[in-house]
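Asker: target.tsv (TSV, C-alpha atoms) pasted underneath:
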```
chain	number	residue	atom	x	y	z
A	1079	ASN	CA	19.98	-13.11	41.57
A	1080	ALA	CA	17.70	-12.59	44.58
A	1081	GLY	CA	18.00	-8.77	44.61
A	1082	VAL	CA	15.74	-7.39	47.34
A	1083	THR	CA	13.86	-9.96	49.43
A	1084	GLN	CA	10.93	-9.04	51.68
A	1085	THR	CA	9.22	-11.23	54.27
A	1086	PRO	CA	6.43	-11.94	54.85
A	1087	LYS	CA	4.53	-11.47	51.58
A	1088	PHE	CA	1.14	-11.24	53.28
A	1089	GLN	CA	0.07	-10.54	56.86
A	1090	VAL	CA	-3.18	-9.87	58.71
A	1091	LEU	CA	-2.99	-8.19	62.10
A	1092	LYS	CA	-5.45	-7.01	64.69
A	1093	THR	CA	-5.41	-3.40	65.86
A	1094	GLY	CA	-2.79	-2.94	68.57
A	1095	GLN	CA	-0.62	-5.89	67.57
A	1096	SER	CA	3.01	-5.41	66.66
A	1097	MET	CA	5.09	-6.87	63.89
A	1098	THR	CA	8.35	-6.47	62.02
A	1099	LEU	CA	8.71	-6.48	58.26
A	1100	GLN	CA	12.03	-7.84	57.09
A	1101	CYS	CA	14.09	-6.75	54.09
A	1102	ALA	CA	17.43	-8.03	52.82
A	1103	GLN	CA	19.45	-7.14	49.72
A	1104	ASP	CA	22.35	-8.98	48.16
A	1105	MET	CA	23.64	-6.22	45.86
A	1106	ASN	CA	26.03	-4.66	48.41
A	1107	HIS	CA	24.11	-1.38	48.26
A	1108	ASN	CA	24.73	1.27	50.89
A	1109	SER	CA	21.26	2.86	50.82
A	1110	MET	CA	17.97	1.19	51.74
A	1111	TYR	CA	14.40	2.49	51.86
A	1112	TRP	CA	10.92	1.65	53.10
A	1113	TYR	CA	7.85	2.88	51.17
A	1114	ARG	CA	4.15	2.36	51.49
A	1115	GLN	CA	1.78	2.31	48.52
A	1116	ASP	CA	-1.87	3.26	48.90
A	1117	PRO	CA	-4.57	3.71	46.24
A	1118	GLY	CA	-4.74	7.34	45.16
A	1119	MET	CA	-1.68	8.29	47.22
A	1120	GLY	CA	1.11	6.67	45.24
A	1121	LEU	CA	4.31	5.52	46.89
A	1122	ARG	CA	5.46	7.47	49.92
A	1123	LEU	CA	8.76	7.18	51.75
A	1124	ILE	CA	8.54	6.05	55.38
A	1125	TYR	CA	12.20	5.81	56.38
A	1126	TYR	CA	15.52	5.45	54.66
A	1127	SER	CA	19.06	4.50	55.57
A	1128	ALA	CA	21.88	6.12	53.63
A	1129	SER	CA	24.44	3.73	55.06
A	1130	GLU	CA	24.89	1.11	57.74
A	1131	GLY	CA	24.27	2.64	61.15
A	1132	THR	CA	22.21	5.62	59.95
A	1133	THR	CA	18.47	6.09	59.52
A	1134	ASP	CA	16.35	9.12	58.63
A	1135	LYS	CA	12.66	9.91	58.51
A	1136	GLY	CA	10.84	10.19	55.22
A	1137	GLU	CA	7.46	11.68	54.40
A	1138	VAL	CA	5.26	9.45	56.61
A	1139	PRO	CA	7.29	8.07	59.57
A	1140	ASN	CA	4.67	8.27	62.33
A	1141	GLY	CA	3.78	4.89	63.82
A	1142	TYR	CA	6.89	3.16	62.47
A	1143	ASN	CA	10.43	2.39	63.60
A	1144	VAL	CA	13.33	1.01	61.61
A	1145	SER	CA	16.58	-0.82	62.25
A	1146	ARG	CA	19.52	-1.07	59.88
A	1147	LEU	CA	20.83	-4.32	61.29
A	1148	ASN	CA	23.83	-4.50	58.95
A	1149	LYS	CA	24.60	-3.54	55.37
A	1150	ARG	CA	22.25	-6.21	53.99
A	1151	GLU	CA	19.22	-5.90	56.25
A	1152	PHE	CA	16.74	-3.11	56.99
A	1153	SER	CA	13.65	-3.87	59.07
A	1154	LEU	CA	10.43	-1.91	59.60
A	1155	ARG	CA	8.50	-2.28	62.86
A	1156	LEU	CA	4.91	-1.41	63.66
A	1157	GLU	CA	4.71	-1.16	67.46
A	1158	SER	CA	0.93	-0.84	67.75
A	1159	ALA	CA	-0.78	-1.44	64.41
A	1160	ALA	CA	-3.69	0.77	63.36
A	1161	PRO	CA	-6.18	0.28	60.49
A	1162	SER	CA	-4.64	3.35	58.76
A	1163	GLN	CA	-1.46	1.31	58.34
A	1164	THR	CA	-3.19	-1.16	56.03
A	1165	SER	CA	-1.10	-0.86	52.90
A	1166	VAL	CA	1.44	-2.50	50.63
A	1167	TYR	CA	4.96	-2.01	51.94
A	1168	PHE	CA	7.98	-1.98	49.65
A	1169	CYS	CA	11.64	-2.11	50.50
A	1170	ALA	CA	14.25	-0.80	48.05
A	1171	SER	CA	18.00	-0.44	47.85
A	1172	SER	CA	20.45	1.55	45.76
A	1173	GLU	CA	23.92	2.92	45.47
A	1174	VAL	CA	24.34	6.69	45.61
A	1175	GLY	CA	23.12	8.13	42.33
A	1176	GLY	CA	22.08	4.74	41.06
A	1177	PRO	CA	18.65	3.25	40.35
A	1178	GLN	CA	16.54	2.00	43.21
A	1179	HIS	CA	15.71	-1.70	43.14
A	1180	PHE	CA	12.51	-2.86	44.78
A	1181	GLY	CA	11.32	-6.02	46.47
A	1182	ASP	CA	7.97	-7.67	45.71
A	1183	GLY	CA	6.22	-6.06	48.66
A	1184	THR	CA	4.39	-7.06	51.83
A	1185	ARG	CA	0.61	-6.80	51.75
A	1186	LEU	CA	-0.50	-5.89	55.26
A	1187	SER	CA	-4.11	-5.74	56.48
A	1188	ILE	CA	-4.98	-4.46	59.92
A	1189	LEU	CA	-8.44	-5.27	61.23
B	1476	LYS	CA	8.00	20.19	48.32
B	1477	GLN	CA	8.45	18.29	45.06
B	1478	GLU	CA	5.23	17.25	43.32
B	1479	VAL	CA	5.15	14.79	40.42
B	1480	THR	CA	2.22	14.51	38.01
B	1481	GLN	CA	1.63	11.87	35.37
B	1482	ILE	CA	-0.83	12.35	32.55
B	1483	PRO	CA	-2.86	10.51	31.40
B	1484	ALA	CA	-3.86	8.34	34.35
B	1485	ALA	CA	-4.88	5.57	31.95
B	1486	LEU	CA	-4.21	4.86	28.30
B	1487	SER	CA	-5.43	2.14	25.96
B	1488	VAL	CA	-3.81	1.60	22.56
B	1489	PRO	CA	-3.84	-1.08	19.85
B	1490	GLU	CA	-0.80	-3.30	19.47
B	1491	GLY	CA	1.98	-1.84	17.34
B	1492	GLU	CA	1.40	1.80	18.16
B	1493	ASN	CA	4.16	4.09	19.32
B	1494	LEU	CA	3.17	5.96	22.46
B	1495	VAL	CA	4.36	8.64	24.86
B	1496	LEU	CA	3.83	8.80	28.60
B	1497	ASN	CA	4.25	12.16	30.32
B	1498	CYS	CA	5.68	13.16	33.67
B	1499	SER	CA	5.96	16.69	35.08
B	1500	PHE	CA	7.58	17.92	38.28
B	1501	THR	CA	7.51	21.21	40.15
B	1502	ASP	CA	11.11	21.61	41.40
B	1503	SER	CA	13.76	21.51	38.69
B	1504	ALA	CA	16.59	21.01	41.21
B	1505	ILE	CA	16.60	17.26	40.79
B	1506	TYR	CA	19.32	14.65	41.18
B	1507	ASN	CA	17.92	12.14	38.73
B	1508	LEU	CA	14.66	10.76	37.33
B	1509	GLN	CA	13.69	7.13	37.18
B	1510	TRP	CA	10.95	5.32	35.24
B	1511	PHE	CA	9.48	2.11	36.64
B	1512	ARG	CA	7.02	-0.50	35.53
B	1513	GLN	CA	4.62	-2.17	37.97
B	1514	ASP	CA	2.54	-5.22	37.11
B	1515	PRO	CA	-0.63	-5.93	39.15
B	1516	GLY	CA	0.20	-7.31	42.58
B	1517	LYS	CA	3.93	-7.03	41.95
B	1518	GLY	CA	6.84	-4.83	42.89
B	1519	LEU	CA	8.45	-2.11	40.81
B	1520	THR	CA	10.86	-2.88	38.00
B	1521	SER	CA	13.35	-0.16	37.10
B	1522	LEU	CA	13.25	0.68	33.39
B	1523	LEU	CA	15.46	3.72	32.91
B	1524	LEU	CA	17.42	6.16	35.06
B	1525	ILE	CA	18.33	9.61	33.76
B	1526	GLN	CA	20.88	11.62	35.67
B	1527	SER	CA	20.26	15.37	35.98
B	1528	SER	CA	23.11	16.10	33.55
B	1529	GLN	CA	21.64	13.83	30.85
B	1530	ARG	CA	18.93	14.57	28.29
B	1531	GLU	CA	17.84	11.03	27.46
B	1532	GLN	CA	18.37	7.32	28.00
B	1533	THR	CA	17.46	4.39	25.79
B	1534	SER	CA	16.88	0.72	26.45
B	1535	GLY	CA	15.53	-1.44	23.65
B	1536	ARG	CA	12.13	-0.08	22.61
B	1537	LEU	CA	12.11	2.45	25.44
B	1538	ASN	CA	13.44	6.00	25.32
B	1539	ALA	CA	13.18	8.46	28.18
B	1540	SER	CA	13.90	12.16	27.88
B	1541	LEU	CA	14.45	14.82	30.52
B	1542	ASP	CA	14.00	18.58	30.29
B	1543	LYS	CA	14.80	19.99	33.72
B	1544	SER	CA	14.15	23.61	32.77
B	1545	SER	CA	10.53	22.87	31.89
B	1546	GLY	CA	10.08	20.22	34.58
B	1547	ARG	CA	9.17	17.45	32.17
B	1548	SER	CA	10.10	13.91	31.25
B	1549	THR	CA	8.62	11.62	28.63
B	1550	LEU	CA	8.78	7.86	28.21
B	1551	TYR	CA	8.50	6.78	24.59
B	1552	ILE	CA	7.53	3.16	23.86
B	1553	ALA	CA	8.01	2.02	20.29
B	1554	ALA	CA	5.94	-0.69	18.62
B	1555	SER	CA	3.88	-1.46	21.71
B	1556	GLN	CA	3.04	-5.08	22.59
B	1557	PRO	CA	0.38	-6.63	24.86
B	1558	GLY	CA	3.19	-7.56	27.25
B	1559	ASP	CA	3.83	-3.84	27.78
B	1560	SER	CA	0.50	-3.58	29.63
B	1561	ALA	CA	1.29	-2.38	33.14
B	1562	THR	CA	1.36	0.76	35.27
B	1563	TYR	CA	4.28	3.06	34.52
B	1564	LEU	CA	5.61	5.22	37.33
B	1565	CYS	CA	7.83	8.26	37.14
B	1566	ALA	CA	9.95	9.13	40.19
B	1567	VAL	CA	12.05	12.25	40.71
B	1568	GLY	CA	15.17	11.87	42.83
B	1569	SER	CA	16.76	14.23	45.31
B	1570	ALA	CA	20.10	13.30	46.85
B	1571	ARG	CA	18.29	11.13	49.38
B	1572	GLN	CA	14.90	9.99	48.15
B	1573	LEU	CA	12.46	9.51	45.29
B	1574	THR	CA	9.14	11.32	44.90
B	1575	PHE	CA	6.68	9.31	42.85
B	1576	GLY	CA	3.88	10.22	40.50
B	1577	SER	CA	0.60	8.31	40.65
B	1578	GLY	CA	1.35	6.43	37.45
B	1579	THR	CA	-0.14	5.82	34.01
B	1580	GLN	CA	-2.00	2.54	33.57
B	1581	LEU	CA	-1.26	1.30	30.06
B	1582	THR	CA	-3.29	-1.34	28.24
B	1583	VAL	CA	-2.07	-2.58	24.86
B	1584	LEU	CA	-4.84	-4.38	23.01
B	1585	PRO	CA	-4.01	-7.37	20.76
```
Could you write out this file's structure as structure tokens?

Answerer:
Amino acid sequence: NAGVTQTPKFQVLKTGQSMTLQCAQDMNHNSMYWYRQDPGMGLRLIYYSASEGTTDKGEVPNGYNVSRLNKREFSLRLESAAPSQTSVYFCASSEVGGPQHFGDGTRLSIL
Amino acid sequence: KQEVTQIPAALSVPEGENLVLNCSFTDSAIYNLQWFRQDPGKGLTSLLLIQSSQREQTSGRLNASLDKSSGRSTLYIAASQPGDSATYLCAVGSARQLTFGSGTQLTVLP
């Protein structure tokens, strides 16, 4: 069982570069989420998608965009990376009322 | 805004001890509460999910309780083992999202 798969696992960017983090789930879940995890700040929600075709902002959406490509895939895009976006990014999925299942994360450094 | 606090931030116990991890939250109007485990450099593994209508959930050596009126949840680990060493995260769910605590880093000494 693959569960939630995130790519890439590691990435180093220069300030101003753009990139897309990919996430795919094989559990047929309707809801998908993007979080960032920072020391001392815990996990914070960036964006979520309650179902295919819908997206909503979370607690820290500035500087990010998302696309719910289909039911399986939910991508996170940094248009112009900034050092403050250095973090570990996690994707998760769930059914309504069910537990959230997380991927292994993408460790992103922005120089 | 929901705030979630976990105390203690770190805990070290000898192997075999029973232990309790605490989680408190400020808004009792919750949808559910979920406990996770995170190993260093890894993602989150879901341990237990308690719906708002439930008082507790059990899985193996783990038991989680929920008291919405007081804004508290506890995770009880029986007969701790070195393999239980990890960071344990509590997350409170609304209808749409989870709000996480900062975690308790548990070390079980052989």

Asker: Kindly determine which residues of chain A lie within 8 Å of chain B, considering all atoms listed in the file, and give the answer as number ranges by chain.

Answerer: A: 1118-1123, 1126, 1128, 1168, 1174-1183

Asker: Just to confirm, what's the straight-line distance from CA of Thr1098 (chain A) to CA of Asp1116 (chain A) in Å (one decimal)?

Answerer: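 These two atoms are separated by 19.3 Å.
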
Asker: So that I can see what lies close to Glu1531 (chain B), please list as JSON, numbers by chain the residues with an atom at most 9 Å from it, counting only C-alpha atoms and leaving out residues fewer than 3 positions away in the same chain.

Answerer: {"B": [1525, 1526, 1538, 1539, 1540, 1541, 1542]}

Asker: Please determine, counting all atoms listed in the file, which residue among B:Gln1481, B:Thr1549, B:Thr1582, B:Glu1490 has the shortest atom-to-atom distance to Ala1561 (chain B).

Answerer: B:Thr1582

Asker: Skip region 1091-1094 of chain A itself and residues of its chain fewer than 4 positions away, then list as number ranges by chain all residues within 12 Å of it, counting all atoms listed in the file.

Answerer: A: 1098, 1141, 1156-1165, 1185-1189

Asker: Could you please determine the separation between CA of Ser1127 (chain A) and CA of Gln1513 (chain B) in Å, to one decimal place?

Answerer: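 Result for CA of Ser1127 (chain A) versus CA of Gln1513 (chain B): 23.7 Å, one decimal.
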
Asker: Do you have the CA of Asp1104 (chain A)-CA of Thr1533 (chain B) distance handy?

Answerer: 26.5 Å

Asker: With only C-alpha atoms as the basis for distance, which of A:Glu1137, A:Ile1124, A:Trp1112, A:Glu1130 is at the shortest distance from Ser1153 (chain A)?

Answerer: A:Trp1112

Asker: How would region 1146-1189 of chain A of the given structure read as a file with N, CA and C atoms, as an mmCIF file, in the first residue's frame?

Answerer:
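Dumped to out_9.cif:
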```
data_model
loop_
_atom_site.group_PDB
_atom_site.id
_atom_site.type_symbol
_atom_site.label_atom_id
_atom_site.label_comp_id
_atom_site.auth_asym_id
_atom_site.auth_seq_id
_atom_site.Cartn_x
_atom_site.Cartn_y
_atom_site.Cartn_z
ATOM 1 N N ARG A 1146 -5.861 21.026 -7.487
ATOM 2 C CA ARG A 1146 -6.379 19.661 -7.296
ATOM 3 C C ARG A 1146 -6.617 19.124 -8.695
ATOM 4 N N LEU A 1147 -5.637 18.400 -9.198
ATOM 5 C CA LEU A 1147 -5.619 17.977 -10.587
ATOM 6 C C LEU A 1147 -6.712 16.953 -10.872
ATOM 7 N N ASN A 1148 -6.946 16.081 -9.941
ATOM 8 C CA ASN A 1148 -7.988 15.059 -10.019
ATOM 9 C C ASN A 1148 -8.176 14.536 -8.600
ATOM 10 N N LYS A 1149 -8.919 13.466 -8.430
ATOM 11 C CA LYS A 1149 -9.178 13.005 -7.069
ATOM 12 C C LYS A 1149 -7.900 12.529 -6.388
ATOM 13 N N ARG A 1150 -6.946 12.011 -7.150
ATOM 14 C CA ARG A 1150 -5.737 11.434 -6.581
ATOM 15 C C ARG A 1150 -4.655 12.464 -6.269
ATOM 16 N N GLU A 1151 -4.590 13.546 -7.028
ATOM 17 C CA GLU A 1151 -3.405 14.401 -7.011
ATOM 18 C C GLU A 1151 -3.710 15.827 -6.542
ATOM 19 N N PHE A 1152 -2.794 16.345 -5.713
ATOM 20 C CA PHE A 1152 -2.941 17.695 -5.162
ATOM 21 C C PHE A 1152 -1.549 18.294 -5.112
ATOM 22 N N SER A 1153 -1.296 19.325 -5.915
ATOM 23 C CA SER A 1153 0.047 19.889 -5.998
ATOM 24 C C SER A 1153 0.116 21.250 -5.325
ATOM 25 N N LEU A 1154 1.318 21.576 -4.848
ATOM 26 C CA LEU A 1154 1.595 22.846 -4.169
ATOM 27 C C LEU A 1154 2.689 23.562 -4.944
ATOM 28 N N ARG A 1155 2.435 24.805 -5.320
ATOM 29 C CA ARG A 1155 3.403 25.553 -6.127
ATOM 30 C C ARG A 1155 3.900 26.779 -5.382
ATOM 31 N N LEU A 1156 5.230 26.947 -5.430
ATOM 32 C CA LEU A 1156 5.869 28.161 -4.941
ATOM 33 C C LEU A 1156 6.263 28.953 -6.183
ATOM 34 N N GLU A 1157 5.665 30.096 -6.395
ATOM 35 C CA GLU A 1157 5.907 30.877 -7.620
ATOM 36 C C GLU A 1157 7.251 31.604 -7.579
ATOM 37 N N SER A 1158 7.592 32.147 -6.428
ATOM 38 C CA SER A 1158 8.847 32.879 -6.269
ATOM 39 C C SER A 1158 9.356 32.590 -4.857
ATOM 40 N N ALA A 1159 10.186 31.570 -4.744
ATOM 41 C CA ALA A 1159 10.583 31.063 -3.429
ATOM 42 C C ALA A 1159 11.337 32.120 -2.615
ATOM 43 N N ALA A 1160 11.067 32.112 -1.308
ATOM 44 C CA ALA A 1160 11.727 33.009 -0.364
ATOM 45 C C ALA A 1160 12.348 32.185 0.758
ATOM 46 N N PRO A 1161 13.421 32.669 1.385
ATOM 47 C CA PRO A 1161 14.048 31.902 2.475
ATOM 48 C C PRO A 1161 13.070 31.534 3.594
ATOM 49 N N SER A 1162 12.034 32.348 3.820
ATOM 50 C CA SER A 1162 11.041 32.048 4.863
ATOM 51 C C SER A 1162 10.213 30.802 4.538
ATOM 52 N N GLN A 1163 10.299 30.336 3.306
ATOM 53 C CA GLN A 1163 9.571 29.134 2.914
ATOM 54 C C GLN A 1163 10.404 27.868 3.081
ATOM 55 N N THR A 1164 11.610 28.009 3.607
ATOM 56 C CA THR A 1164 12.390 26.826 3.985
ATOM 57 C C THR A 1164 11.640 26.086 5.075
ATOM 58 N N SER A 1165 11.338 24.810 4.829
ATOM 59 C CA SER A 1165 10.484 24.075 5.749
ATOM 60 C C SER A 1165 10.417 22.622 5.300
ATOM 61 N N VAL A 1166 9.691 21.831 6.080
ATOM 62 C CA VAL A 1166 9.316 20.484 5.655
ATOM 63 C C VAL A 1166 7.832 20.530 5.309
ATOM 64 N N TYR A 1167 7.509 20.081 4.113
ATOM 65 C CA TYR A 1167 6.131 20.141 3.620
ATOM 66 C C TYR A 1167 5.527 18.745 3.617
ATOM 67 N N PHE A 1168 4.331 18.651 4.196
ATOM 68 C CA PHE A 1168 3.619 17.376 4.258
ATOM 69 C C PHE A 1168 2.287 17.488 3.536
ATOM 70 N N CYS A 1169 1.983 16.444 2.812
ATOM 71 C CA CYS A 1169 0.680 16.276 2.192
ATOM 72 C C CYS A 1169 -0.074 15.208 2.978
ATOM 73 N N ALA A 1170 -1.391 15.366 3.081
ATOM 74 C CA ALA A 1170 -2.216 14.388 3.786
ATOM 75 C C ALA A 1170 -3.529 14.218 3.044
ATOM 76 N N SER A 1171 -4.199 13.108 3.328
ATOM 77 C CA SER A 1171 -5.516 12.877 2.740
ATOM 78 C C SER A 1171 -6.407 12.217 3.778
ATOM 79 N N SER A 1172 -7.720 12.353 3.575
ATOM 80 C CA SER A 1172 -8.671 11.721 4.484
ATOM 81 C C SER A 1172 -10.047 11.659 3.833
ATOM 82 N N GLU A 1173 -10.878 10.827 4.413
ATOM 83 C CA GLU A 1173 -12.307 10.899 4.157
ATOM 84 C C GLU A 1173 -12.941 11.805 5.216
ATOM 85 N N VAL A 1174 -14.118 12.299 4.954
ATOM 86 C CA VAL A 1174 -14.787 13.180 5.911
ATOM 87 C C VAL A 1174 -14.962 12.443 7.227
ATOM 88 N N GLY A 1175 -14.474 13.072 8.310
ATOM 89 C CA GLY A 1175 -14.605 12.469 9.628
ATOM 90 C C GLY A 1175 -13.601 11.379 9.928
ATOM 91 N N GLY A 1176 -12.796 11.033 8.961
ATOM 92 C CA GLY A 1176 -11.825 9.963 9.164
ATOM 93 C C GLY A 1176 -10.450 10.487 9.500
ATOM 94 N N PRO A 1177 -9.519 9.607 9.846
ATOM 95 C CA PRO A 1177 -8.167 10.036 10.178
ATOM 96 C C PRO A 1177 -7.434 10.570 8.950
ATOM 97 N N GLN A 1178 -6.550 11.538 9.192
ATOM 98 C CA GLN A 1178 -5.707 12.018 8.107
ATOM 99 C C GLN A 1178 -4.479 11.123 8.009
ATOM 100 N N HIS A 1179 -4.095 10.827 6.767
ATOM 101 C CA HIS A 1179 -2.927 10.003 6.488
ATOM 102 C C HIS A 1179 -1.897 10.867 5.787
ATOM 103 N N PHE A 1180 -0.668 10.802 6.268
ATOM 104 C CA PHE A 1180 0.375 11.712 5.813
ATOM 105 C C PHE A 1180 1.411 11.011 4.937
ATOM 106 N N GLY A 1181 1.985 11.793 4.016
ATOM 107 C CA GLY A 1181 3.149 11.344 3.276
ATOM 108 C C GLY A 1181 4.414 11.530 4.100
ATOM 109 N N ASP A 1182 5.565 11.177 3.502
ATOM 110 C CA ASP A 1182 6.840 11.244 4.208
ATOM 111 C C ASP A 1182 7.469 12.628 4.198
ATOM 112 N N GLY A 1183 6.906 13.551 3.454
ATOM 113 C CA GLY A 1183 7.379 14.926 3.486
ATOM 114 C C GLY A 1183 8.364 15.269 2.390
ATOM 115 N N THR A 1184 8.456 16.573 2.107
ATOM 116 C CA THR A 1184 9.466 17.143 1.214
ATOM 117 C C THR A 1184 10.255 18.161 2.014
ATOM 118 N N ARG A 1185 11.560 17.954 2.083
ATOM 119 C CA ARG A 1185 12.430 18.871 2.815
ATOM 120 C C ARG A 1185 12.976 19.899 1.839
ATOM 121 N N LEU A 1186 12.552 21.139 2.007
ATOM 122 C CA LEU A 1186 12.842 22.203 1.046
ATOM 123 C C LEU A 1186 13.713 23.270 1.707
ATOM 124 N N SER A 1187 14.843 23.562 1.065
ATOM 125 C CA SER A 1187 15.739 24.631 1.531
ATOM 126 C C SER A 1187 15.815 25.689 0.454
ATOM 127 N N ILE A 1188 15.684 26.933 0.872
ATOM 128 C CA ILE A 1188 15.743 28.048 -0.069
ATOM 129 C C ILE A 1188 16.874 28.976 0.355
ATOM 130 N N LEU A 1189 17.828 29.120 -0.539
ATOM 131 C CA LEU A 1189 19.053 29.877 -0.225
ATOM 132 C C LEU A 1189 18.925 31.328 -0.676
#
```
